[in-house]
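Structure file work_29.cif; described as mmCIF, C-alpha atoms and all ligand atoms.
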data_structure
loop_
_atom_site.label_atom_id
_atom_site.label_comp_id
_atom_site.auth_asym_id
_atom_site.auth_seq_id
_atom_site.Cartn_x
_atom_site.Cartn_y
_atom_site.Cartn_z
CA MET A 1 58.97 -67.37 -36.72
CA LYS A 2 58.63 -64.94 -39.61
CA PRO A 3 61.75 -62.93 -40.27
CA ASP A 4 61.26 -59.24 -39.63
CA SER A 5 63.57 -56.35 -40.42
CA SER A 6 61.97 -53.59 -38.36
CA ARG A 7 64.12 -53.90 -35.24
CA VAL A 8 67.31 -54.08 -37.32
CA ILE A 9 66.41 -50.94 -39.22
CA ALA A 10 65.39 -49.13 -36.02
CA ASP A 11 68.72 -50.07 -34.38
CA LEU A 12 70.67 -48.92 -37.43
CA LYS A 13 68.92 -45.56 -37.33
CA GLU A 14 69.63 -45.27 -33.62
CA LEU A 15 73.31 -46.02 -34.23
CA ARG A 16 73.45 -43.51 -37.06
CA ALA A 17 72.10 -40.79 -34.78
CA LEU A 18 74.57 -41.77 -32.07
CA THR A 19 77.77 -41.96 -34.14
CA SER A 20 77.50 -39.64 -37.12
CA ASP A 21 77.20 -35.95 -37.72
CA GLU A 22 75.06 -34.40 -40.48
CA GLN A 23 78.03 -32.93 -42.36
CA GLY A 24 80.57 -35.66 -41.96
CA GLY A 25 78.81 -39.03 -41.72
CA ALA A 26 79.76 -42.01 -39.54
CA GLN A 27 82.83 -41.53 -37.34
CA ARG A 28 83.30 -45.03 -35.91
CA VAL A 29 86.99 -45.34 -36.75
CA ALA A 30 88.52 -48.39 -35.04
CA TRP A 31 90.37 -47.88 -31.75
CA GLY A 32 88.94 -44.35 -31.35
CA PRO A 33 86.40 -42.84 -28.91
CA VAL A 34 83.31 -43.04 -31.17
CA TRP A 35 84.09 -46.69 -31.93
CA ARG A 36 84.30 -47.39 -28.21
CA LYS A 37 80.98 -45.61 -27.72
CA THR A 38 79.49 -47.77 -30.50
CA ARG A 39 80.66 -50.96 -28.83
CA ASP A 40 79.33 -49.78 -25.46
CA TRP A 41 75.95 -49.16 -27.08
CA PHE A 42 76.03 -52.59 -28.73
CA GLN A 43 77.03 -54.36 -25.51
CA GLN A 44 74.28 -52.52 -23.64
CA LYS A 45 71.73 -53.85 -26.17
CA LEU A 46 72.98 -57.39 -25.76
CA LYS A 47 72.78 -57.08 -21.99
CA THR A 48 69.41 -55.40 -21.56
CA GLU A 49 67.54 -57.20 -24.34
CA LEU A 50 69.09 -60.64 -24.16
CA GLY A 51 70.97 -60.81 -20.88
CA LEU A 52 74.13 -61.60 -22.82
CA GLY A 53 77.66 -60.62 -21.87
CA THR A 54 80.51 -60.38 -24.35
CA GLU A 55 84.05 -61.64 -24.53
CA ARG A 56 87.03 -60.12 -26.33
CA ASP A 57 89.68 -62.26 -27.99
CA GLY A 58 93.35 -61.30 -28.28
CA ALA A 59 92.76 -59.26 -31.42
CA GLY A 60 90.01 -57.15 -29.85
CA ASN A 61 87.19 -58.93 -31.70
CA LEU A 62 84.01 -58.79 -29.64
CA TRP A 63 82.05 -62.05 -29.23
CA ALA A 64 78.52 -62.75 -27.96
CA THR A 65 77.45 -66.37 -27.60
CA ILE A 66 74.26 -68.37 -27.13
CA PRO A 67 75.28 -71.96 -26.33
CA GLY A 68 73.48 -74.64 -28.32
CA ALA A 69 72.84 -78.37 -28.03
CA LYS A 70 76.19 -78.87 -29.75
CA LYS A 71 79.50 -77.08 -29.24
CA ASP A 72 79.82 -76.69 -33.01
CA SER A 73 79.11 -73.11 -33.84
CA LEU A 74 77.51 -70.98 -36.48
CA VAL A 75 79.36 -67.66 -36.60
CA ILE A 76 77.62 -64.47 -37.73
CA GLY A 77 79.75 -61.38 -38.10
CA SER A 78 80.74 -58.08 -39.64
CA HIS A 79 82.23 -54.86 -38.31
CA LEU A 80 81.00 -51.84 -36.35
CA ASP A 81 83.99 -49.71 -37.31
CA SER A 82 83.75 -47.29 -40.22
CA VAL A 83 86.02 -45.12 -42.31
CA PRO A 84 86.12 -41.43 -41.26
CA SER A 85 82.94 -39.73 -42.52
CA GLY A 86 81.58 -43.06 -43.73
CA GLY A 87 78.05 -44.32 -44.26
CA TRP A 88 75.44 -45.70 -41.89
CA LEU A 89 75.38 -49.28 -43.20
CA ASP A 90 78.89 -50.45 -44.13
CA GLY A 91 79.69 -53.12 -41.55
CA CYS A 92 77.10 -52.33 -38.91
CA LEU A 93 74.29 -53.74 -41.07
CA GLY A 94 75.83 -57.21 -40.64
CA VAL A 95 76.44 -56.88 -36.91
CA ILE A 96 72.98 -55.49 -36.16
CA ALA A 97 71.34 -58.17 -38.33
CA GLY A 98 73.38 -60.60 -36.21
CA LEU A 99 71.82 -59.09 -33.10
CA GLU A 100 68.41 -59.88 -34.60
CA VAL A 101 69.59 -63.46 -35.19
CA LEU A 102 70.38 -63.70 -31.47
CA ARG A 103 66.93 -62.33 -30.59
CA ARG A 104 65.28 -64.95 -32.78
CA VAL A 105 67.45 -67.72 -31.38
CA LYS A 106 66.76 -66.68 -27.80
CA ALA A 107 63.00 -66.60 -28.42
CA ARG A 108 63.07 -70.18 -29.69
CA GLY A 109 65.00 -71.69 -26.78
CA THR A 110 68.27 -73.64 -26.97
CA PRO A 111 69.55 -73.66 -30.58
CA PRO A 112 70.72 -76.92 -32.21
CA VAL A 113 74.26 -75.56 -32.47
CA THR A 114 76.01 -72.75 -30.65
CA VAL A 115 75.54 -69.35 -32.23
CA ARG A 116 78.21 -66.68 -32.01
CA LEU A 117 78.01 -63.09 -33.11
CA VAL A 118 81.30 -61.31 -33.71
CA ASP A 119 82.11 -57.66 -34.24
CA TRP A 120 85.50 -57.84 -35.97
CA ALA A 121 88.03 -55.24 -34.85
CA ASP A 122 89.48 -52.78 -37.37
CA GLU A 123 88.00 -54.17 -40.56
CA GLU A 124 88.50 -50.89 -42.38
CA GLY A 125 92.14 -50.24 -41.55
CA ALA A 126 91.16 -46.62 -42.07
CA ARG A 127 93.54 -45.10 -39.54
CA PHE A 128 96.62 -47.30 -39.84
CA GLY A 129 96.25 -48.82 -43.30
CA ARG A 130 95.90 -52.56 -42.54
CA SER A 131 92.34 -53.71 -43.22
CA LEU A 132 90.74 -56.95 -41.95
CA ALA A 133 93.13 -57.00 -38.97
CA GLY A 134 90.73 -58.67 -36.53
CA SER A 135 89.36 -61.34 -38.85
CA ALA A 136 92.81 -62.03 -40.30
CA ALA A 137 94.14 -62.59 -36.78
CA SER A 138 91.35 -65.11 -36.15
CA ALA A 139 91.97 -66.84 -39.48
CA GLY A 140 95.67 -67.10 -38.62
CA THR A 141 96.80 -65.12 -41.66
CA LEU A 142 98.12 -62.07 -39.80
CA ASP A 143 101.66 -61.68 -38.51
CA ALA A 144 100.98 -58.83 -36.08
CA LYS A 145 104.64 -58.16 -35.29
CA LYS A 146 105.61 -57.93 -38.93
CA GLU A 147 102.50 -56.24 -40.31
CA LEU A 148 101.20 -54.02 -37.50
CA ALA A 149 103.98 -53.13 -35.05
CA HIS A 150 105.46 -50.35 -37.21
CA LEU A 151 102.20 -48.70 -38.35
CA VAL A 152 101.63 -45.03 -37.44
CA ASP A 153 98.58 -42.81 -38.08
CA ARG A 154 98.64 -39.27 -39.51
CA ALA A 155 98.91 -37.76 -36.05
CA GLY A 156 102.00 -39.87 -35.31
CA VAL A 157 100.23 -42.33 -32.97
CA ARG A 158 101.59 -45.88 -33.18
CA LEU A 159 99.07 -48.67 -33.77
CA PRO A 160 100.34 -50.73 -30.82
CA ASP A 161 99.71 -47.69 -28.57
CA ALA A 162 96.20 -47.12 -29.98
CA MET A 163 95.43 -50.79 -29.39
CA ALA A 164 96.88 -50.72 -25.89
CA GLU A 165 94.66 -47.74 -25.12
CA ASN A 166 91.77 -50.13 -25.81
CA GLY A 167 93.24 -52.88 -23.64
CA VAL A 168 94.42 -54.95 -26.60
CA PRO A 169 98.18 -55.58 -26.44
CA LEU A 170 99.77 -56.31 -29.83
CA GLU A 171 101.54 -59.35 -28.41
CA GLY A 172 98.16 -60.91 -27.63
CA MET A 173 96.95 -60.86 -31.23
CA ALA A 174 98.60 -64.17 -32.02
CA THR A 175 96.24 -65.90 -29.56
CA ALA A 176 93.13 -64.96 -31.60
CA ALA A 177 93.59 -67.83 -34.06
CA ALA A 178 93.65 -70.48 -31.31
CA TYR A 179 90.66 -68.80 -29.63
CA PHE A 180 88.76 -69.02 -32.92
CA LYS A 181 89.62 -72.71 -33.41
CA ARG A 182 88.36 -73.52 -29.93
CA LEU A 183 84.94 -72.17 -30.90
CA SER A 184 84.58 -75.12 -33.30
CA PRO A 185 83.24 -72.93 -36.12
CA LYS A 186 81.30 -74.84 -38.79
CA ALA A 187 79.86 -72.00 -40.86
CA TYR A 188 80.23 -68.23 -41.23
CA LEU A 189 77.56 -65.91 -42.58
CA GLU A 190 77.74 -62.18 -43.22
CA LEU A 191 75.26 -59.61 -44.50
CA HIS A 192 76.86 -56.54 -46.07
CA ILE A 193 75.99 -53.76 -48.47
CA GLU A 194 77.31 -54.22 -51.99
CA GLN A 195 79.17 -50.88 -52.00
CA GLY A 196 79.04 -50.85 -55.80
CA PRO A 197 76.53 -50.12 -58.57
CA VAL A 198 75.90 -53.63 -59.97
CA LEU A 199 72.67 -54.54 -58.15
CA GLU A 200 71.29 -51.05 -58.62
CA SER A 201 71.92 -51.34 -62.36
CA MET A 202 70.11 -54.71 -62.34
CA LYS A 203 67.26 -53.23 -60.21
CA LYS A 204 67.72 -56.02 -57.65
CA PRO A 205 67.56 -55.46 -53.88
CA THR A 206 69.76 -58.37 -52.81
CA ALA A 207 72.12 -61.05 -54.11
CA VAL A 208 74.10 -64.17 -53.40
CA VAL A 209 77.79 -63.27 -53.15
CA LEU A 210 79.94 -65.77 -55.03
CA GLY A 211 83.12 -64.88 -53.20
CA THR A 212 85.62 -62.07 -53.03
CA MET A 213 87.87 -61.45 -55.97
CA GLY A 214 91.59 -62.11 -55.93
CA VAL A 215 93.86 -59.14 -56.51
CA GLU A 216 97.09 -58.68 -58.50
CA ARG A 217 98.46 -55.19 -57.87
CA HIS A 218 101.71 -54.05 -59.45
CA SER A 219 103.63 -50.90 -60.20
CA LEU A 220 105.28 -50.55 -63.61
CA ARG A 221 107.95 -48.13 -64.72
CA PHE A 222 108.39 -47.34 -68.40
CA LEU A 223 111.87 -45.89 -69.02
CA GLY A 224 112.58 -43.86 -72.14
CA GLN A 225 114.44 -40.65 -72.76
CA ALA A 226 113.33 -37.16 -71.85
CA ALA A 227 113.74 -34.74 -74.75
CA HIS A 228 112.77 -31.27 -75.97
CA SER A 229 109.20 -31.26 -77.32
CA GLY A 230 110.20 -29.09 -80.26
CA ALA A 231 113.54 -30.63 -81.13
CA ALA A 232 112.76 -34.37 -80.91
CA PRO A 233 111.10 -35.75 -84.08
CA ILE A 234 108.24 -38.17 -83.39
CA HIS A 235 109.94 -41.22 -84.93
CA LEU A 236 113.10 -40.75 -82.84
CA ARG A 237 111.36 -40.33 -79.49
CA LYS A 238 111.45 -42.73 -76.56
CA ASP A 239 108.17 -41.55 -75.00
CA ALA A 240 107.56 -43.42 -71.74
CA PHE A 241 104.08 -41.94 -71.26
CA LEU A 242 102.80 -43.12 -74.63
CA ALA A 243 103.90 -46.66 -73.74
CA ALA A 244 102.12 -46.39 -70.38
CA ALA A 245 99.01 -45.01 -72.08
CA GLU A 246 98.92 -47.91 -74.55
CA PHE A 247 99.37 -50.28 -71.63
CA ALA A 248 96.40 -48.72 -69.80
CA LEU A 249 94.17 -49.11 -72.87
CA ALA A 250 95.35 -52.70 -73.29
CA CYS A 251 94.38 -53.39 -69.65
CA ARG A 252 90.88 -52.16 -70.33
CA ALA A 253 90.72 -54.49 -73.34
CA ILE A 254 91.92 -57.36 -71.12
CA SER A 255 89.16 -56.71 -68.58
CA VAL A 256 86.56 -56.64 -71.37
CA LYS A 257 87.96 -59.83 -72.92
CA TYR A 258 87.76 -61.87 -69.70
CA SER A 259 84.57 -60.35 -68.25
CA GLY A 260 82.12 -62.10 -70.54
CA THR A 261 78.53 -61.00 -70.23
CA SER A 262 77.39 -62.40 -66.88
CA PRO A 263 78.04 -60.71 -63.52
CA ARG A 264 79.42 -64.09 -62.39
CA THR A 265 82.46 -63.75 -64.64
CA ARG A 266 83.00 -60.02 -64.20
CA VAL A 267 86.65 -59.04 -63.83
CA VAL A 268 88.19 -55.60 -63.47
CA ALA A 269 91.45 -53.86 -64.34
CA THR A 270 92.36 -50.40 -63.11
CA CYS A 271 95.31 -48.11 -63.75
CA GLY A 272 94.85 -45.68 -60.87
CA VAL A 273 98.27 -44.04 -60.61
CA VAL A 274 100.22 -42.37 -63.39
CA LYS A 275 103.34 -40.34 -62.64
CA VAL A 276 105.07 -38.74 -65.58
CA GLU A 277 108.61 -37.35 -65.48
CA PRO A 278 109.95 -34.77 -65.97
CA ASN A 279 106.32 -33.56 -66.00
CA PHE A 280 106.39 -30.23 -67.80
CA VAL A 281 104.69 -29.12 -71.00
CA THR A 282 107.73 -28.91 -73.26
CA ALA A 283 109.30 -32.25 -72.28
CA VAL A 284 108.83 -35.65 -73.93
CA PRO A 285 108.21 -37.91 -70.89
CA GLY A 286 111.40 -39.82 -70.11
CA SER A 287 109.91 -42.00 -67.44
CA THR A 288 106.39 -42.99 -66.41
CA GLU A 289 105.20 -44.95 -63.44
CA ILE A 290 101.79 -46.60 -63.76
CA SER A 291 99.89 -48.91 -61.44
CA ILE A 292 97.74 -51.88 -62.35
CA ASP A 293 95.11 -53.49 -60.11
CA LEU A 294 93.58 -56.67 -61.57
CA ARG A 295 90.70 -58.49 -59.87
CA ALA A 296 88.91 -61.74 -60.66
CA LEU A 297 87.04 -64.41 -58.72
CA ASP A 298 88.63 -67.25 -60.70
CA GLY A 299 92.32 -67.67 -59.87
CA ARG A 300 93.12 -69.13 -63.31
CA VAL A 301 91.51 -66.15 -65.02
CA LEU A 302 93.45 -63.77 -62.79
CA LYS A 303 96.70 -65.49 -63.81
CA LYS A 304 95.83 -65.18 -67.50
CA MET A 305 94.95 -61.51 -67.07
CA LEU A 306 98.30 -60.88 -65.44
CA ALA A 307 100.16 -62.73 -68.21
CA ASP A 308 98.26 -60.74 -70.87
CA ALA A 309 99.04 -57.48 -69.06
CA LYS A 310 102.75 -58.38 -68.96
CA ASN A 311 102.75 -59.11 -72.69
CA ALA A 312 100.90 -55.88 -73.37
CA SER A 313 103.49 -53.91 -71.40
CA VAL A 314 106.33 -55.46 -73.39
CA ARG A 315 104.57 -54.74 -76.69
CA ALA A 316 103.91 -51.12 -75.70
CA ALA A 317 107.52 -50.70 -74.58
CA LYS A 318 108.87 -52.09 -77.85
CA LYS A 319 106.63 -49.89 -79.96
CA HIS A 320 107.83 -46.75 -78.18
CA LEU A 321 111.50 -47.80 -77.87
CA VAL A 322 111.43 -47.79 -74.07
CA LYS A 323 112.06 -50.35 -71.32
CA VAL A 324 109.58 -51.61 -68.76
CA GLU A 325 110.08 -52.89 -65.21
CA TRP A 326 107.44 -54.51 -62.98
CA SER A 327 107.35 -54.47 -59.17
CA PRO A 328 104.67 -56.35 -57.26
CA LEU A 329 102.61 -54.45 -54.65
CA LEU A 330 99.93 -56.88 -53.48
CA HIS A 331 98.69 -60.37 -54.15
CA ILE A 332 95.39 -61.61 -52.72
CA THR A 333 94.05 -65.07 -53.41
CA PRO A 334 90.46 -65.26 -54.70
CA ARG A 335 88.05 -66.53 -52.05
CA PRO A 336 85.11 -68.36 -53.61
CA PHE A 337 82.38 -69.05 -51.05
CA ASP A 338 80.90 -72.37 -49.97
CA GLU A 339 78.47 -73.91 -52.51
CA THR A 340 76.14 -75.43 -49.87
CA LEU A 341 75.79 -72.20 -47.92
CA MET A 342 75.38 -70.20 -51.13
CA GLY A 343 72.53 -72.58 -51.96
CA PHE A 344 70.81 -71.66 -48.66
CA VAL A 345 71.24 -67.98 -49.46
CA ARG A 346 69.78 -68.51 -52.95
CA GLU A 347 66.71 -70.36 -51.58
CA SER A 348 66.22 -67.71 -48.91
CA ILE A 349 66.29 -64.86 -51.40
CA LYS A 350 63.78 -66.79 -53.55
CA ALA A 351 61.54 -67.19 -50.53
CA VAL A 352 61.31 -63.44 -49.90
CA ARG A 353 61.24 -62.20 -53.48
CA LYS A 354 60.00 -63.60 -56.78
CA GLY A 355 62.22 -63.68 -59.85
CA PRO A 356 65.76 -64.72 -60.72
CA VAL A 357 68.33 -64.40 -57.92
CA PRO A 358 71.42 -62.42 -58.87
CA GLU A 359 74.80 -63.93 -58.03
CA ILE A 360 77.72 -61.54 -58.08
CA PRO A 361 81.34 -61.56 -56.95
CA SER A 362 82.58 -58.93 -54.52
CA GLY A 363 85.40 -56.67 -55.66
CA PRO A 364 86.02 -55.27 -52.17
CA LEU A 365 87.39 -57.61 -49.51
CA HIS A 366 85.34 -58.41 -46.41
CA ASP A 367 85.88 -60.19 -43.12
CA ALA A 368 84.17 -63.07 -44.93
CA SER A 369 87.23 -63.25 -47.22
CA GLU A 370 89.38 -64.17 -44.24
CA MET A 371 86.75 -66.57 -42.90
CA ALA A 372 86.41 -68.35 -46.25
CA GLY A 373 89.96 -69.64 -45.83
CA VAL A 374 89.17 -71.45 -42.58
CA VAL A 375 85.42 -72.19 -42.44
CA PRO A 376 82.56 -72.65 -44.98
CA THR A 377 81.41 -69.10 -45.66
CA ALA A 378 78.68 -67.24 -47.50
CA MET A 379 77.49 -63.65 -47.79
CA VAL A 380 74.31 -61.82 -48.64
CA PHE A 381 74.58 -58.44 -50.36
CA ALA A 382 72.12 -55.60 -49.99
CA MET A 383 71.91 -53.26 -52.95
CA SER A 384 73.70 -49.91 -52.61
CA SER A 385 71.93 -46.85 -53.98
CA PRO A 386 73.65 -44.72 -54.99
CA GLY A 387 76.12 -47.51 -55.75
CA ILE A 388 78.93 -46.08 -53.70
CA SER A 389 80.31 -46.48 -50.20
CA HIS A 390 82.88 -45.04 -47.79
CA THR A 391 81.00 -41.74 -47.97
CA ARG A 392 78.20 -40.29 -45.90
CA ILE A 393 75.76 -40.54 -48.83
CA GLU A 394 76.12 -44.33 -48.92
CA ASP A 395 72.59 -45.77 -48.70
CA THR A 396 70.26 -48.68 -49.31
CA PRO A 397 66.57 -47.86 -49.88
CA LEU A 398 64.45 -49.24 -47.04
CA PRO A 399 62.51 -51.76 -49.18
CA ALA A 400 65.80 -53.27 -50.40
CA LEU A 401 67.18 -53.25 -46.88
CA ASP A 402 64.07 -55.06 -45.67
CA VAL A 403 64.30 -57.79 -48.33
CA SER A 404 68.03 -58.31 -47.72
CA ILE A 405 67.66 -58.57 -43.95
CA ARG A 406 64.79 -61.04 -44.19
CA ALA A 407 66.68 -63.16 -46.74
CA PHE A 408 69.69 -63.17 -44.46
CA LEU A 409 67.65 -64.26 -41.43
CA LEU A 410 66.15 -67.12 -43.44
CA ALA A 411 69.60 -68.16 -44.68
CA VAL A 412 70.72 -68.31 -41.06
CA ASP A 413 67.72 -70.57 -40.23
CA ARG A 414 68.56 -72.89 -43.10
CA THR A 415 72.17 -73.07 -42.00
CA PHE A 416 71.03 -73.96 -38.48
CA GLU A 417 68.98 -76.86 -39.84
CA HIS A 418 71.95 -77.97 -41.92
CA LEU A 419 74.36 -77.94 -38.97
CA ALA A 420 71.88 -79.64 -36.63
ZN ZN B 501 82.52 -53.22 -44.65
#

For this file, write the structure as C-alpha cells.
Amino acid sequence: MKPDSSRVIADLKELRALTSDEQGGAQRVAWGPVWRKTRDWFQQKLKTELGLGTERDGAGNLWATIPGAKKDSLVIGSHLDSVPSGGWLDGCLGVIAGLEVLRRVKARGTPPVTVRLVDWADEEGARFGRSLAGSAASAGTLDAKKELAHLVDRAGVRLPDAMAENGVPLEGMATAAAYFKRLSPKAYLELHIEQGPVLESMKKPTAVVLGTMGVERHSLRFLGQAAHSGAAPIHLRKDAFLAAAEFALACRAISVKYSGTSPRTRVVATCGVVKVEPNFVTAVPGSTEISIDLRALDGRVLKKMLADAKNASVRAAKKHLVKVEWSPLLHITPRPFDETLMGFVRESIKAVRKGPVPEIPSGPLHDASEMAGVVPTAMVFAMSSPGISHTRIEDTPLPALDVSIRAFLLAVDRTFEHLA
C-alpha cells in the first residue's frame, strides 16, 4: 500500500479551520474549551472512519488501539494541544499522521503487533508552565504532587482544578506509568515539525532526528561595586556587567568550539537574561544577573561545555575584580534515539527522496524525549519554513509536508516488520 499524504493534509487543514482564528492562530491550549473541541473532533474521526473508541489514562492521555497478532505494541504519538496563538502543525501533524497509520493498518487487516495512537495531554505546558506532563507521567518521570499541585495560571486557576474540569484528577496521574507498562510498548515513533531553521537552510524537506539535546540551565550573579560613572577611574572599577558581558561572549565561543561543522554535533549556548543593577546611566553596574542555557546531544560534551563556562565565569570575574555565584535552574539529560529505529527512518526517507538524508538533533524537547527513556524511540522531522514555531506563521510547505508524511508512514511499516 503506497503511502499517501493527502488525507493527513486535508485533516490538518480541517483542524486549522476549526481551532484557529485568522489573527491569532491555533488556540488549542491544554485543558481548555478549544482543546476539548479538538479532541471531540479527533474522536469523532476515529469513530466514524475506523469504528474505534478511545481510552484515557490517569494523566488524560488519549489512546486509540488496533489489537494485533501480538500484545506487544508499536506506539505512535504526539500532541493536539498548542500554545496560545500557535501554528497549525506543531503537535497535531504527528497525531493526524498517526490517524493515517491506523487507516492503513485497518485496511490491511490484523497487524502483526498491536498499534496504539496516543494524543499526549499538555505537551506544551503553555498555561501552567510544566511541559510534557502527559508523556512524563507515562514514562514515570513526573511527580504530580510535587511538580503540578501548586501550579496556577495567569487568571488564578489552579492546575488541579483545570484538570478536574476535564475529568482528570491529579491523584490519578501516578497510575499513568503502570497503564503504559501494561501496553507492552516495544517502539515509539513521532512525526513533528522541526520548529527551527536548520532544514530550511539545508534545503531539505525532512530528516532523521538523532535525539533531543540535554540542557544545563543556570543563573549567575556577578557581584562588584556600584560607583559614580564620572568619579570611578576605569582601573579601580568593579564592573559586574563587563564581567557578565565577557562571560556571554565566552559562551558563544564555547558553542562554536564544540559545534564542529556537522549538524550532528551542533551544540548551542544562550544568555537570554541580563539584569543590571543599579541600572541607571550614571552608575557603574554593581551587580549583574545573567542566565546560561547550554544544550548538546552528547552528555560528555554538555559536561565539558558547562566546565568551560564555569572557568570562563571565574576568569571574567577575576579580570573585573568581582565575584561570581552560580545557581542551577534546570538539568535535562540528553536523549539519543534508538539506532535501529533511526535506521528505518533513514531508509524510509531515502525511499521517498533521492540524495543524502540529513540527521539532526532536536534542541526543543518532545514527548519522544520522555519515551526515549523507557522504550526504543525515533522521530521524523518535517522542515519548518519560515524556521520558527509557536507562532501563527509557523508553516511547512506542502511538498515538504508530503515527503515527511510519506517517509514517516514507511518508517512505521518498517518498524512493524521489525517487531513482527
Ligand atoms: Zn510540539

Test item: residues at most 8 Å from Val352 of chain A, only C-alpha atoms, excluding those fewer than 2 positions along its chain, as a list in words: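 Contacts, with the query itself left out: Ser348, Ile349, Lys350, Lys354, Val403, Arg406 and Ala407 of chain A.
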
Please build the interface table for chain A against ligand ZN 501 (chain B) with a cut-off of 8 Å, listing for each qualifying residue the nearest atom pair and the distance in Å to one decimal; count only C-alpha atoms and all ligand atoms, order rows by chain and increasing number, and write it as CSV.
residue,atom,partner,partner_atom,distance
A:Ser78,CA,B:ZN501,ZN,7.2
A:His79,CA,B:ZN501,ZN,6.6
A:Ser82,CA,B:ZN501,ZN,7.5
A:Asp90,CA,B:ZN501,ZN,4.6
A:Gly91,CA,B:ZN501,ZN,4.2
A:Cys92,CA,B:ZN501,ZN,7.9
A:Glu123,CA,B:ZN501,ZN,6.9
A:Glu124,CA,B:ZN501,ZN,6.8
A:His192,CA,B:ZN501,ZN,6.7
A:Ile193,CA,B:ZN501,ZN,7.6
A:His366,CA,B:ZN501,ZN,6.2
A:Asp367,CA,B:ZN501,ZN,7.9

Spatial neighbours of segment 131-136 of chain A, max dist 9 Å, all atoms listed in the file, sep filter under 2 positions, as an MDAnalysis selection string: chainID A and resid 59:61 119:126 128:129 138:142 144 148 173 176:177 365:371

Point-to-point distance from atom CA of Ser184 of chain A to atom CA of Asp72 of chain A, Å rounded to tenths: 5.0 Å

Return as JSON lines the residues of segment 187-276 of chain A lying at most 8 Å from segment 300-307 of chain A, together with the closest atom-to-atom pair for each and the distance in Å to one decimal, counting only C-alpha atoms, with rows in chain order and ascending residue number.
{"residue": "A:Gly214", "atom": "CA", "partner": "A:Leu302", "partner_atom": "CA", "distance": 7.3}
{"residue": "A:Val215", "atom": "CA", "partner": "A:Leu302", "partner_atom": "CA", "distance": 7.8}
{"residue": "A:Glu216", "atom": "CA", "partner": "A:Leu306", "partner_atom": "CA", "distance": 7.4}
{"residue": "A:Ile254", "atom": "CA", "partner": "A:Met305", "partner_atom": "CA", "distance": 6.5}
{"residue": "A:Ser255", "atom": "CA", "partner": "A:Met305", "partner_atom": "CA", "distance": 7.7}
{"residue": "A:Tyr258", "atom": "CA", "partner": "A:Val301", "partner_atom": "CA", "distance": 7.4}

Neighbour residues at most 10 Å from (96.6, -43.2, -70.0) (all atoms listed in the file) as a ChimeraX atom specification: /A:241-249,271-274,290

A:Val95, A:Leu220, A:Ala312, A:Ala411 ranked by distance to Ser327 of chain A, top pick (using only C-alpha atoms):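 Closest candidate: A:Leu220.
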
Shortest interatomic distance to Glu171 of chain A - which of A:Glu22, A:Asp153, A:Asp143, A:Asp11, counting only C-alpha atoms: A:Asp143

Pick from A:Gly286, A:Ile360, A:Asp293, A:Pro334, whichever lies nearest to Arg266 of chain A using all atoms listed in the file: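 Going through A:Gly286, A:Ile360, A:Asp293, A:Pro334 one by one, the smallest distance to Arg266 of chain A is for A:Ile360.
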
Selected residue of minimal separation from Met383 of chain A among A:Thr206, A:Thr19, A:Thr48, A:Thr340, counting only C-alpha atoms: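 Among A:Thr206, A:Thr19, A:Thr48, A:Thr340, it is A:Thr206 that comes nearest to Met383 of chain A.
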